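Student: Supplied structure: data_35.tsv, TSV, N, CA and C atoms and all ligand atoms.
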chain	number	residue	atom	x	y	z
R	1	MET	N	65.95	8.70	26.22
R	1	MET	CA	66.19	8.31	24.84
R	1	MET	C	67.54	7.58	24.73
R	2	VAL	N	67.56	6.56	23.89
R	2	VAL	CA	68.78	5.81	23.69
R	2	VAL	C	69.38	6.20	22.35
R	3	THR	N	70.62	6.58	22.35
R	3	THR	CA	71.26	6.86	21.06
R	3	THR	C	72.38	5.86	20.84
R	4	VAL	N	72.53	5.49	19.59
R	4	VAL	CA	73.59	4.56	19.23
R	4	VAL	C	74.67	5.36	18.54
R	5	ASP	N	75.85	5.39	19.13
R	5	ASP	CA	76.91	6.14	18.45
R	5	ASP	C	78.02	5.21	17.99
R	6	ASN	N	77.73	3.94	18.05
R	6	ASN	CA	78.75	2.99	17.68
R	6	ASN	C	78.05	1.80	17.04
R	7	SER	N	78.07	1.75	15.72
R	7	SER	CA	77.36	0.65	15.07
R	7	SER	C	78.37	-0.25	14.37
R	8	TYR	N	77.91	-1.42	14.05
R	8	TYR	CA	78.78	-2.39	13.39
R	8	TYR	C	77.99	-3.04	12.28
R	9	ILE	N	78.52	-3.03	11.07
R	9	ILE	CA	77.86	-3.71	9.95
R	9	ILE	C	78.62	-4.99	9.69
R	10	HIS	N	77.93	-6.09	9.81
R	10	HIS	CA	78.54	-7.40	9.63
R	10	HIS	C	78.37	-7.80	8.17
R	11	ARG	N	79.43	-7.66	7.40
R	11	ARG	CA	79.33	-7.95	5.97
R	11	ARG	C	79.79	-9.36	5.67
R	12	GLY	N	79.52	-9.77	4.42
R	12	GLY	CA	80.02	-11.05	3.95
R	12	GLY	C	79.26	-12.24	4.50
R	13	LEU	N	78.03	-12.03	4.94
R	13	LEU	CA	77.25	-13.13	5.50
R	13	LEU	C	76.73	-14.04	4.39
R	14	LEU	N	76.53	-15.29	4.72
R	14	LEU	CA	76.03	-16.24	3.73
R	14	LEU	C	74.51	-16.28	3.77
R	15	PRO	N	73.89	-16.47	2.61
R	15	PRO	CA	72.43	-16.58	2.58
R	15	PRO	C	71.95	-17.84	3.28
R	16	ALA	N	70.71	-17.81	3.70
R	16	ALA	CA	70.04	-18.97	4.29
R	16	ALA	C	70.85	-19.58	5.44
R	17	THR	N	71.52	-18.74	6.20
R	17	THR	CA	72.35	-19.16	7.32
R	17	THR	C	71.95	-18.35	8.53
R	18	SER	N	71.83	-18.98	9.68
R	18	SER	CA	71.48	-18.24	10.89
R	18	SER	C	72.72	-17.68	11.57
R	19	TYR	N	72.63	-16.45	12.03
R	19	TYR	CA	73.70	-15.82	12.80
R	19	TYR	C	73.13	-15.40	14.14
R	20	TYR	N	73.92	-15.59	15.19
R	20	TYR	CA	73.48	-15.30	16.56
R	20	TYR	C	74.37	-14.20	17.12
R	21	TYR	N	73.76	-13.23	17.76
R	21	TYR	CA	74.54	-12.10	18.28
R	21	TYR	C	74.25	-11.89	19.76
R	22	ILE	N	75.31	-11.62	20.50
R	22	ILE	CA	75.20	-11.20	21.90
R	22	ILE	C	76.11	-9.98	22.01
R	23	VAL	N	75.61	-8.90	22.58
R	23	VAL	CA	76.46	-7.71	22.70
R	23	VAL	C	76.65	-7.31	24.16
R	24	ARG	N	77.69	-6.56	24.39
R	24	ARG	CA	78.01	-5.99	25.68
R	24	ARG	C	78.41	-4.55	25.47
R	25	ALA	N	78.02	-3.69	26.40
R	25	ALA	CA	78.49	-2.31	26.36
R	25	ALA	C	79.75	-2.21	27.21
R	26	VAL	N	80.66	-1.40	26.76
R	26	VAL	CA	81.90	-1.20	27.51
R	26	VAL	C	82.16	0.30	27.61
R	27	ASN	N	82.45	0.78	28.80
R	27	ASN	CA	82.91	2.16	28.92
R	27	ASN	C	84.01	2.21	29.99
R	28	GLY	N	84.37	3.41	30.37
R	28	GLY	CA	85.47	3.56	31.30
R	28	GLY	C	85.25	2.91	32.66
R	29	TYR	N	83.97	2.63	32.99
R	29	TYR	CA	83.67	2.02	34.29
R	29	TYR	C	83.63	0.50	34.23
R	30	GLY	N	83.68	-0.03	33.03
R	30	GLY	CA	83.67	-1.50	32.95
R	30	GLY	C	82.74	-2.01	31.87
R	31	LYS	N	82.40	-3.28	32.02
R	31	LYS	CA	81.57	-3.94	31.02
R	31	LYS	C	80.18	-4.21	31.57
R	32	SER	N	79.17	-4.13	30.69
R	32	SER	CA	77.81	-4.49	31.09
R	32	SER	C	77.66	-6.01	31.09
R	33	GLU	N	76.51	-6.45	31.59
R	33	GLU	CA	76.14	-7.84	31.39
R	33	GLU	C	75.98	-8.05	29.88
R	34	ALA	N	76.09	-9.29	29.46
R	34	ALA	CA	75.83	-9.61	28.06
R	34	ALA	C	74.33	-9.45	27.79
R	35	SER	N	73.99	-9.00	26.57
R	35	SER	CA	72.58	-8.89	26.19
R	35	SER	C	71.99	-10.28	26.02
R	36	ARG	N	70.67	-10.32	25.87
R	36	ARG	CA	70.11	-11.60	25.45
R	36	ARG	C	70.55	-11.86	24.02
R	37	GLN	N	70.46	-13.08	23.58
R	37	GLN	CA	70.89	-13.44	22.23
R	37	GLN	C	69.79	-13.11	21.23
R	38	VAL	N	70.17	-12.53	20.11
R	38	VAL	CA	69.23	-12.34	19.01
R	38	VAL	C	69.75	-13.11	17.81
R	39	THR	N	68.84	-13.47	16.95
R	39	THR	CA	69.27	-14.24	15.79
R	39	THR	C	68.65	-13.67	14.53
R	40	THR	N	69.33	-13.84	13.43
R	40	THR	CA	68.78	-13.41	12.15
R	40	THR	C	69.19	-14.42	11.10
R	41	THR	N	68.32	-14.64	10.16
R	41	THR	CA	68.63	-15.53	9.05
R	41	THR	C	68.40	-14.75	7.77
R	42	LEU	N	69.41	-14.69	6.94
R	42	LEU	CA	69.25	-13.97	5.68
R	42	LEU	C	68.46	-14.80	4.71
R	43	ALA	N	67.57	-14.11	4.00
R	43	ALA	CA	66.86	-14.80	2.94
R	43	ALA	C	67.85	-15.17	1.85
R	44	ASP	N	67.54	-16.21	1.15
R	44	ASP	CA	68.35	-16.61	0.02
R	44	ASP	C	68.32	-15.49	-1.02
R	45	GLY	N	69.48	-15.13	-1.55
R	45	GLY	CA	69.54	-14.05	-2.54
R	45	GLY	C	68.70	-14.31	-3.77
R	46	SER	N	68.52	-15.59	-4.13
R	46	SER	CA	67.74	-15.86	-5.33
R	46	SER	C	66.27	-15.48	-5.12
R	47	LEU	N	65.79	-15.60	-3.88
R	47	LEU	CA	64.41	-15.19	-3.60
R	47	LEU	C	64.29	-13.67	-3.64
R	48	ILE	N	65.29	-12.98	-3.09
R	48	ILE	CA	65.28	-11.52	-3.12
R	48	ILE	C	65.36	-11.04	-4.57
R	49	TYR	N	66.20	-11.71	-5.35
R	49	TYR	CA	66.30	-11.35	-6.77
R	49	TYR	C	64.94	-11.56	-7.46
R	50	ALA	N	64.32	-12.70	-7.22
R	50	ALA	CA	63.06	-13.01	-7.90
R	50	ALA	C	61.99	-11.96	-7.59
R	51	SER	N	61.94	-11.52	-6.33
R	51	SER	CA	60.86	-10.59	-6.02
R	51	SER	C	61.20	-9.13	-6.30
R	52	ASN	N	62.48	-8.78	-6.43
R	52	ASN	CA	62.83	-7.38	-6.63
R	52	ASN	C	63.44	-7.04	-7.98
R	53	CYS	N	64.01	-7.99	-8.66
R	53	CYS	CA	64.83	-7.67	-9.83
R	53	CYS	C	64.35	-8.34	-11.10
R	54	ALA	N	63.77	-9.53	-10.97
R	54	ALA	CA	63.49	-10.35	-12.15
R	54	ALA	C	62.53	-9.67	-13.12
R	55	ARG	N	61.61	-8.84	-12.61
R	55	ARG	CA	60.65	-8.25	-13.54
R	55	ARG	C	61.32	-7.33	-14.55
R	56	CYS	N	62.46	-6.79	-14.25
R	56	CYS	CA	63.19	-5.95	-15.22
R	56	CYS	C	64.41	-6.66	-15.81
R	57	HIS	N	65.08	-7.45	-15.00
R	57	HIS	CA	66.35	-8.03	-15.47
R	57	HIS	C	66.24	-9.49	-15.86
R	58	GLY	N	65.02	-10.04	-15.85
R	58	GLY	CA	64.84	-11.42	-16.30
R	58	GLY	C	65.16	-12.42	-15.21
R	59	ALA	N	64.82	-13.67	-15.46
R	59	ALA	CA	65.04	-14.73	-14.48
R	59	ALA	C	66.51	-14.85	-14.12
R	60	LEU	N	66.77	-15.28	-12.90
R	60	LEU	CA	68.15	-15.40	-12.43
R	60	LEU	C	68.98	-16.36	-13.29
R	61	ALA	N	68.32	-17.30	-13.93
R	61	ALA	CA	69.05	-18.24	-14.78
R	61	ALA	C	69.72	-17.53	-15.96
R	62	LEU	N	69.14	-16.42	-16.40
R	62	LEU	CA	69.71	-15.70	-17.54
R	62	LEU	C	69.44	-14.21	-17.36
R	63	PRO	N	70.11	-13.61	-16.38
R	63	PRO	CA	69.81	-12.21	-16.07
R	63	PRO	C	70.46	-11.27	-17.07
R	64	THR	N	69.86	-10.09	-17.26
R	64	THR	CA	70.47	-9.09	-18.13
R	64	THR	C	71.65	-8.40	-17.44
R	65	VAL	N	71.77	-8.55	-16.13
R	65	VAL	CA	72.94	-8.03	-15.43
R	65	VAL	C	73.79	-9.23	-15.03
R	66	THR	N	75.03	-9.21	-15.44
R	66	THR	CA	75.90	-10.34	-15.12
R	66	THR	C	77.09	-9.86	-14.30
R	67	ASN	N	77.59	-10.73	-13.47
R	67	ASN	CA	78.76	-10.41	-12.65
R	67	ASN	C	78.64	-9.09	-11.91
R	68	ALA	N	77.44	-8.75	-11.46
R	68	ALA	CA	77.29	-7.51	-10.70
R	68	ALA	C	77.65	-7.80	-9.25
R	69	GLY	N	78.69	-7.15	-8.78
R	69	GLY	CA	79.07	-7.31	-7.38
R	69	GLY	C	78.29	-6.35	-6.50
R	70	ILE	N	78.60	-6.38	-5.21
R	70	ILE	CA	77.88	-5.54	-4.26
R	70	ILE	C	77.94	-4.07	-4.67
R	71	SER	N	79.13	-3.60	-5.08
R	71	SER	CA	79.23	-2.16	-5.36
R	71	SER	C	78.47	-1.77	-6.62
R	72	GLN	N	78.41	-2.66	-7.62
R	72	GLN	CA	77.60	-2.33	-8.81
R	72	GLN	C	76.11	-2.30	-8.48
R	73	VAL	N	75.66	-3.30	-7.72
R	73	VAL	CA	74.23	-3.33	-7.37
R	73	VAL	C	73.90	-2.10	-6.53
R	74	ASP	N	74.75	-1.81	-5.56
R	74	ASP	CA	74.54	-0.66	-4.70
R	74	ASP	C	74.52	0.62	-5.53
R	75	GLY	N	75.49	0.77	-6.43
R	75	GLY	CA	75.57	1.95	-7.28
R	75	GLY	C	74.34	2.10	-8.17
R	76	ALA	N	73.90	0.96	-8.75
R	76	ALA	CA	72.73	1.01	-9.63
R	76	ALA	C	71.49	1.39	-8.83
R	77	LEU	N	71.37	0.86	-7.62
R	77	LEU	CA	70.20	1.21	-6.80
R	77	LEU	C	70.15	2.70	-6.50
R	78	GLN	N	71.33	3.32	-6.39
R	78	GLN	CA	71.35	4.75	-6.09
R	78	GLN	C	71.26	5.62	-7.33
R	79	SER	N	71.69	5.10	-8.49
R	79	SER	CA	71.76	5.99	-9.65
R	79	SER	C	70.76	5.70	-10.75
R	80	VAL	N	70.22	4.48	-10.83
R	80	VAL	CA	69.27	4.18	-11.90
R	80	VAL	C	67.87	4.53	-11.43
R	81	GLY	N	67.25	5.49	-12.09
R	81	GLY	CA	65.94	5.97	-11.68
R	81	GLY	C	64.91	4.85	-11.55
R	82	ALA	N	64.92	3.91	-12.49
R	82	ALA	CA	63.93	2.83	-12.48
R	82	ALA	C	64.05	1.96	-11.23
R	83	MET	N	65.22	1.98	-10.61
R	83	MET	CA	65.45	1.12	-9.44
R	83	MET	C	65.32	1.87	-8.12
R	84	SER	N	64.96	3.16	-8.21
R	84	SER	CA	65.04	3.99	-7.01
R	84	SER	C	64.03	3.65	-5.92
R	85	ASN	N	62.95	2.95	-6.27
R	85	ASN	CA	62.00	2.61	-5.20
R	85	ASN	C	62.26	1.24	-4.57
R	86	ILE	N	63.37	0.62	-4.92
R	86	ILE	CA	63.72	-0.66	-4.31
R	86	ILE	C	64.52	-0.38	-3.04
R	87	THR	N	64.08	-0.89	-1.91
R	87	THR	CA	64.84	-0.68	-0.68
R	87	THR	C	65.30	-2.03	-0.14
R	88	LEU	N	66.59	-2.21	-0.17
R	88	LEU	CA	67.18	-3.44	0.35
R	88	LEU	C	68.24	-3.06	1.38
R	89	THR	N	68.40	-3.90	2.38
R	89	THR	CA	69.47	-3.67	3.35
R	89	THR	C	70.82	-4.04	2.72
R	90	ASP	N	71.89	-3.60	3.33
R	90	ASP	CA	73.23	-3.99	2.86
R	90	ASP	C	73.37	-5.50	2.78
R	91	ALA	N	72.82	-6.17	3.79
R	91	ALA	CA	72.94	-7.63	3.82
R	91	ALA	C	72.18	-8.26	2.65
R	92	GLN	N	70.99	-7.70	2.35
R	92	GLN	CA	70.21	-8.25	1.23
R	92	GLN	C	70.91	-7.99	-0.09
R	93	ILE	N	71.51	-6.81	-0.24
R	93	ILE	CA	72.26	-6.51	-1.46
R	93	ILE	C	73.40	-7.52	-1.62
R	94	GLY	N	74.05	-7.83	-0.51
R	94	GLY	CA	75.13	-8.82	-0.55
R	94	GLY	C	74.65	-10.18	-1.02
R	95	THR	N	73.49	-10.62	-0.55
R	95	THR	CA	73.03	-11.95	-0.96
R	95	THR	C	72.57	-11.94	-2.42
R	96	VAL	N	71.98	-10.82	-2.87
R	96	VAL	CA	71.59	-10.74	-4.28
R	96	VAL	C	72.84	-10.78	-5.16
R	97	ALA	N	73.86	-10.00	-4.78
R	97	ALA	CA	75.09	-9.97	-5.57
R	97	ALA	C	75.73	-11.36	-5.61
R	98	SER	N	75.68	-12.07	-4.49
R	98	SER	CA	76.32	-13.39	-4.54
R	98	SER	C	75.47	-14.36	-5.34
R	99	ALA	N	74.14	-14.20	-5.33
R	99	ALA	CA	73.30	-15.04	-6.19
R	99	ALA	C	73.62	-14.77	-7.67
R	100	LEU	N	73.83	-13.49	-8.01
R	100	LEU	CA	74.16	-13.15	-9.39
R	100	LEU	C	75.53	-13.70	-9.79
R	101	SER	N	76.48	-13.67	-8.87
R	101	SER	CA	77.81	-14.12	-9.26
R	101	SER	C	77.93	-15.65	-9.25
R	102	ASP	N	77.14	-16.32	-8.42
R	102	ASP	CA	77.12	-17.78	-8.43
R	102	ASP	C	76.69	-18.30	-9.79
R	103	ASN	N	75.98	-17.41	-10.49
R	103	ASN	CA	75.29	-17.80	-11.70
R	103	ASN	C	76.07	-17.56	-12.96
R	104	ASN	N	77.17	-16.85	-12.83
R	104	ASN	CA	77.84	-16.42	-14.05
R	104	ASN	C	79.29	-16.90	-14.10
Q	201	LIG	C1	61.94	-1.29	-12.63
Q	201	LIG	C2	62.97	-2.02	-13.36
Q	201	LIG	C3	64.20	-2.46	-12.62
Q	201	LIG	C4	64.25	-3.22	-11.48
Q	201	LIG	C5	63.09	-3.76	-10.65
Q	201	LIG	C6	65.66	-3.45	-11.20
Q	201	LIG	N1	66.43	-2.84	-12.14
Q	201	LIG	FE1	68.44	-2.87	-12.27
Q	201	LIG	N2	68.38	-1.61	-13.84
Q	201	LIG	C7	67.24	-1.16	-14.47
Q	201	LIG	C8	67.61	-0.25	-15.54
Q	201	LIG	C9	66.63	0.46	-16.48
Q	201	LIG	C10	69.01	-0.17	-15.52
Q	201	LIG	C11	69.91	0.68	-16.42
Q	201	LIG	C12	70.05	0.10	-17.79
Q	201	LIG	C13	70.80	-1.18	-17.74
Q	201	LIG	O1	72.00	-1.17	-17.39
Q	201	LIG	O2	70.22	-2.24	-18.07
Q	201	LIG	C14	69.46	-1.04	-14.46
Q	201	LIG	C15	70.79	-1.26	-14.15
Q	201	LIG	C16	71.24	-2.19	-13.21
Q	201	LIG	C17	72.63	-2.46	-12.96
Q	201	LIG	C18	73.80	-1.80	-13.62
Q	201	LIG	C19	74.16	-2.55	-14.88
Q	201	LIG	C20	75.45	-2.04	-15.45
Q	201	LIG	O3	75.52	-1.95	-16.67
Q	201	LIG	O4	76.36	-1.73	-14.67
Q	201	LIG	C21	72.67	-3.42	-12.00
Q	201	LIG	C22	73.90	-4.05	-11.39
Q	201	LIG	C23	71.31	-3.73	-11.65
Q	201	LIG	N3	70.46	-2.96	-12.40
Q	201	LIG	C24	70.94	-4.65	-10.70
Q	201	LIG	C25	69.63	-4.80	-10.23
Q	201	LIG	C26	69.28	-5.64	-9.12
Q	201	LIG	C27	70.23	-6.53	-8.35
Q	201	LIG	C28	67.94	-5.49	-8.94
Q	201	LIG	C29	67.10	-6.08	-7.83
Q	201	LIG	C30	67.51	-5.74	-6.49
Q	201	LIG	C31	67.46	-4.57	-9.96
Q	201	LIG	N4	68.52	-4.17	-10.72
Q	201	LIG	C32	66.14	-4.18	-10.14
Q	201	LIG	C33	65.95	-1.50	-14.14
Q	201	LIG	C34	65.57	-2.22	-13.03
Can you dump the structure from the file as structure tokens?
Ligand code: HEC
Tutor:
Amino acid sequence: MVTVDNSYIHRGLLPATSYYYIVRAVNGYGKSEASRQVTTTLADGSLIYASNCARCHGALALPTVTNAGISQVDGALQSVGAMSNITLTDAQIGTVASALSDNN
């Protein structure tokens, strides 16, 4: 079994942008070979908003939530019962928050 005891959350990523990652393990005996490269592209926050938020908060052009940053969106997802079945990754929450703030 493989356990991960050292994770890294890459915050502040831009939507619709590709990011490439290569990792290496390091311990007291030295460094591993580099992993193969993996890539990820974040969906545009406006698309995530449209499919997850617009039905309650209205179109992104005129949302009922304004200037909601990452911590407000995150807090609302955890505390507002109506939003409790929405599951977004930290990265997706970031792109939604930036789509909301681009707009206001
Ligand atoms: C099922 C309906 C529903 C959906 C879907 C939903 N929300 Fe909400 N949201 C609410 C309700 C109800 C509240 C609490 C009342 C209010 O502040 O309007 C709330 C509150 C919030 C707040 C807090 C507003 C404040 O006053 O601080 C934020 C931020 C927010 N939502 C963002 C989002 C985002 C972003 C999404 C999509 C990822 C989303 N919501 C999806 C119903 C929803």
Student: Counting only C-alpha atoms and all ligand atoms, what are the residues, protein, DNA or RNA alike, that approach ligand LIG 201 (chain Q) to within 9 Å? I want them as a ChimeraX atom specification.
Tutor: /R:48-57,64-77,79-88,92-93,96-97,100
Student: Please, what distance in Å, to one decimal, runs between atom CA of Leu60 of chain R and atom CA of Ser18 of chain R?
Tutor: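 If I compute the distance from atom CA of Leu60 of chain R to atom CA of Ser18 of chain R, I get 23.7 Å.
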Student: For a test of reading the model, state the distance in Å between atom N of Leu13 of chain R and atom C of Asp90 of chain R, rounded to one decimal.
Tutor: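 Atom N of Leu13 of chain R sits 8.3 Å away from atom C of Asp90 of chain R.
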Student: Using only C-alpha atoms, which residues sit within 8 Å of segment 33-42 of chain R once same-chain residues fewer than 3 positions away are excluded, as a list in words?
Tutor: Leu14, Pro15, Ala16, Thr17, Ser18, Tyr19, Tyr20, Tyr21, Ile22, Val23, Arg24, Ala25, Ala91, Gln92 and Thr95 of chain R
Student: Those same residues, written as a CSV table (one decimal), in the coordinates of the input with N, CA and C atoms?
Tutor:
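Result went into out-v9.csv, see below:
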chain,number,residue,atom,x,y,z
R,14,LEU,N,76.5,-15.3,4.7
R,14,LEU,CA,76.0,-16.2,3.7
R,14,LEU,C,74.5,-16.3,3.8
R,15,PRO,N,73.9,-16.5,2.6
R,15,PRO,CA,72.4,-16.6,2.6
R,15,PRO,C,72.0,-17.8,3.3
R,16,ALA,N,70.7,-17.8,3.7
R,16,ALA,CA,70.0,-19.0,4.3
R,16,ALA,C,70.8,-19.6,5.4
R,17,THR,N,71.5,-18.7,6.2
R,17,THR,CA,72.4,-19.2,7.3
R,17,THR,C,72.0,-18.4,8.5
R,18,SER,N,71.8,-19.0,9.7
R,18,SER,CA,71.5,-18.2,10.9
R,18,SER,C,72.7,-17.7,11.6
R,19,TYR,N,72.6,-16.4,12.0
R,19,TYR,CA,73.7,-15.8,12.8
R,19,TYR,C,73.1,-15.4,14.1
R,20,TYR,N,73.9,-15.6,15.2
R,20,TYR,CA,73.5,-15.3,16.6
R,20,TYR,C,74.4,-14.2,17.1
R,21,TYR,N,73.8,-13.2,17.8
R,21,TYR,CA,74.5,-12.1,18.3
R,21,TYR,C,74.2,-11.9,19.8
R,22,ILE,N,75.3,-11.6,20.5
R,22,ILE,CA,75.2,-11.2,21.9
R,22,ILE,C,76.1,-10.0,22.0
R,23,VAL,N,75.6,-8.9,22.6
R,23,VAL,CA,76.5,-7.7,22.7
R,23,VAL,C,76.6,-7.3,24.2
R,24,ARG,N,77.7,-6.6,24.4
R,24,ARG,CA,78.0,-6.0,25.7
R,24,ARG,C,78.4,-4.6,25.5
R,25,ALA,N,78.0,-3.7,26.4
R,25,ALA,CA,78.5,-2.3,26.4
R,25,ALA,C,79.8,-2.2,27.2
R,91,ALA,N,72.8,-6.2,3.8
R,91,ALA,CA,72.9,-7.6,3.8
R,91,ALA,C,72.2,-8.3,2.6
R,92,GLN,N,71.0,-7.7,2.4
R,92,GLN,CA,70.2,-8.2,1.2
R,92,GLN,C,70.9,-8.0,-0.1
R,95,THR,N,73.5,-10.6,-0.6
R,95,THR,CA,73.0,-12.0,-1.0
R,95,THR,C,72.6,-11.9,-2.4
Student: Among chain R, which ones does DSSP place in alpha helix (DSSP H), written as number ranges by chain?
Tutor: R: 45-52, 54-57, 70-79, 90-102
Student: May I ask which of the residues R:Asn6, R:Ser101, R:Thr89, R:Gln78 is the closest one to Ala43 of chain R, counting only C-alpha atoms?
Tutor: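 Answer, going by the shortest atom-to-atom distance: R:Thr89.
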Student: Atom CA of Leu62 of chain R and atom CA of Arg11 of chain R, how far apart in Å?
Tutor: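 It comes out at 26.6 Å.
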Student: Residues of chain R classed as strand (DSSP E or B) by DSSP on the backbone are to be reported as a list in words.
Tutor: Ser18, Tyr19, Tyr20, Tyr21, Val26, Asn27, Gly30, Lys31, Val38, Thr39, Thr40 and Thr41 of chain R
